[in-house]
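*Asks:* Have a look at the structure that comes next, please.
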Amino acid sequence: MAVFHTASREETVALGRRMAAKLAPGTLVAFTGGLGMGKTAFCQGLAEGLGCTDPVSSPTFAIVNYYRGPRPLAHFDLYRIHSEDDLETAGFYEYLDQGAVVAAEWSENFADLLAAEHPVWVNILPGAGPEDRTIEIEGVEL
Ligand SMILES: Nc1ncnc2c1ncn2[C@@H]1O[C@H](COP(=O)(O)OP(=O)(O)O)[C@@H](O)[C@H]1O
Ligand SMILES: [Mg+2]
């Protein structure tokens, strides 16, 4: 596991951009960490780094946002997903099979199930100050 520290939203976005360059098609990026930690900010960086041009927003109500581009990104919020059936219905496995990079916020809800996809894990923790974050990354070398 590698540990990174960011001191602003922009630094977290930049870390996401940096990770995007290292991701093979069909990779799952599984996010854990509480509300407001910067999961969606990191996903914005992923989208930018993958060359997606659609604007990134939290998929809380839609469950999934799909961003088009040369390397598409499917951005899930699993907060309100409670079963494997729900995941399947939302197209989760289809996006992976199609070779999209799939980002999943609130992956703690499905840690065991998602482990089968050999995800890159991103855990975001609060740091010392209000804009400090500790970001633990496992499964890819940055
Ligand atoms: N170092 C940081 N990294 C990411 N976001 C930060 C940071 N410092 C402050 N913020 C703020 O925290 C919030 C993170 O929001 P968001 O990315 O939607 O979090 P989440 O998806 O984890 O709920 C934003 O308001 C952002 O401006
Ligand atoms: Mg979010």
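Identifiers for the structure tokens are assigned positionally: chains receive A, B, ... in sequence, residues are indexed from 1 per chain, and ligands are indexed from 1 in the order shown.
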Show me which residues are within 8 Å of ligand 2 counting only C-alpha atoms and all ligand atoms, and format the list as a list of chain:residue names.
*Replies:*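 Result of the 8 Å neighbour search around ligand 2: A:Leu35, A:Gly36, A:Gly38, A:Lys39, A:Thr40, A:Ala41, A:Ser57, A:Ser58, A:Pro59, A:Thr60, A:Asp77, A:Glu105.
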*Asks:* Once you have the residues from the selection above, write them out as a compact mmCIF listing (two decimals), in the first residue's frame, restricted to C-alpha atoms.
*Replies:*
# COMPACT_ATOMS: atom_id res chain seq x y z
CA LEU A 35 -18.80 11.77 3.29
CA GLY A 36 -16.89 14.79 2.01
CA GLY A 38 -12.94 13.72 -1.69
CA LYS A 39 -14.00 10.54 -3.49
CA THR A 40 -15.88 12.48 -6.15
CA ALA A 41 -12.96 14.92 -6.49
CA SER A 57 -20.81 15.02 -10.57
CA SER A 58 -21.81 12.82 -7.68
CA PRO A 59 -23.92 9.88 -8.88
CA THR A 60 -25.78 9.74 -5.58
CA ASP A 77 -22.31 5.46 -5.88
CA GLU A 105 -17.81 5.25 -4.16
*Asks:* Ligand 1: which residues are within 8 Å, counting only C-alpha atoms and all ligand atoms, as a list in words?
*Replies:*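 Within the 8 Å cut-off, the matching residues are His5, Thr6, Ala7, Ser8, Arg9, Glu10, Glu11, Thr12, Val13, Gly33, Gly34, Leu35, Gly36, Met37, Gly38, Lys39, Thr40, Ala41, Phe42, Cys43, Ser58, Glu105, Ile124, Pro130, Glu131, Asp132 and Arg133 of chain A.
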*Asks:* Could you build a table of the residues in stretch 17-65 of chain A lying no more than 8 Å from stretch 85-103 of chain A, giving for each the nearest pair of atoms and their separation in Å rounded to one decimal place, using only C-alpha atoms, ordered by chain and ascending residue number, as CSV?
*Replies:*
residue,atom,partner,partner_atom,distance
A:Leu23,CA,A:Val101,CA,7.6
A:Ala24,CA,A:Val101,CA,7.6
A:Pro25,CA,A:Gly99,CA,4.6
A:Gly26,CA,A:Gly99,CA,3.9
A:Thr27,CA,A:Val101,CA,5.0
A:Leu28,CA,A:Val102,CA,4.8
A:Val29,CA,A:Ala103,CA,4.7
A:Ala30,CA,A:Ala103,CA,6.0
A:Phe31,CA,A:Ala103,CA,7.4
A:Cys43,CA,A:Ala103,CA,7.1
A:Ile63,CA,A:Ala90,CA,7.5
A:Val64,CA,A:Ala90,CA,7.4
*Asks:* Tell me which protein, DNA and RNA residues are within 8 Å of A:Gly139, counting only C-alpha atoms, leaving out same-chain ones fewer than 6 positions away, and put them as a list in words.
*Replies:* Met1, His118, Pro119, Val120 and Trp121 of chain A
*Asks:* Output as a ChimeraX atom specification all residues of stretch 36-125 of chain A that backbone DSSP marks as strand (DSSP E).
*Replies:* /A:64-67,73-77,101-105,120-125
*Asks:* Let me make sure I understand: among A:Thr32, A:Phe4, A:Gly45, A:Tyr67, which one has the smallest atom-to-atom distance to A:Val122 if we use only C-alpha atoms?
*Replies:* A:Thr32
*Asks:* Just list as a VMD selection string whatever in chain A DSSP marks as alpha helix (DSSP H).
*Replies:* chain A and resid 9 to 20 39 to 50 84 to 89 92 to 98 111 to 115
*Asks:* Which residue, A:His75, A:Glu48, A:Arg80, A:Val140, has the smallest gap to A:Phe61 when you use only C-alpha atoms?
*Replies:*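 That would be A:Arg80, the residue with the smallest distance to A:Phe61.
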*Asks:* Quick check, in Å to one decimal: how far apart do atom CA of A:Ala20 and atom CA of A:Ala104 lie?
*Replies:*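 Atom-to-atom, atom CA of A:Ala20 and atom CA of A:Ala104 are spaced 14.5 Å apart.
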*Asks:* Excluding stretch 50-54 of chain A and its own-chain neighbours fewer than 4 positions away, which residues fall within 7 Å of it when counting only C-alpha atoms? Please give them as a ChimeraX atom specification.
*Replies:* /A:20,46,67-72
*Asks:* So which one's closest to A:Glu141, A:Ala111, A:Ile81, A:Ala116, A:Met19? Using only C-alpha atoms, please.
*Replies:*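 For A:Glu141, the nearest of the candidates is A:Met19.
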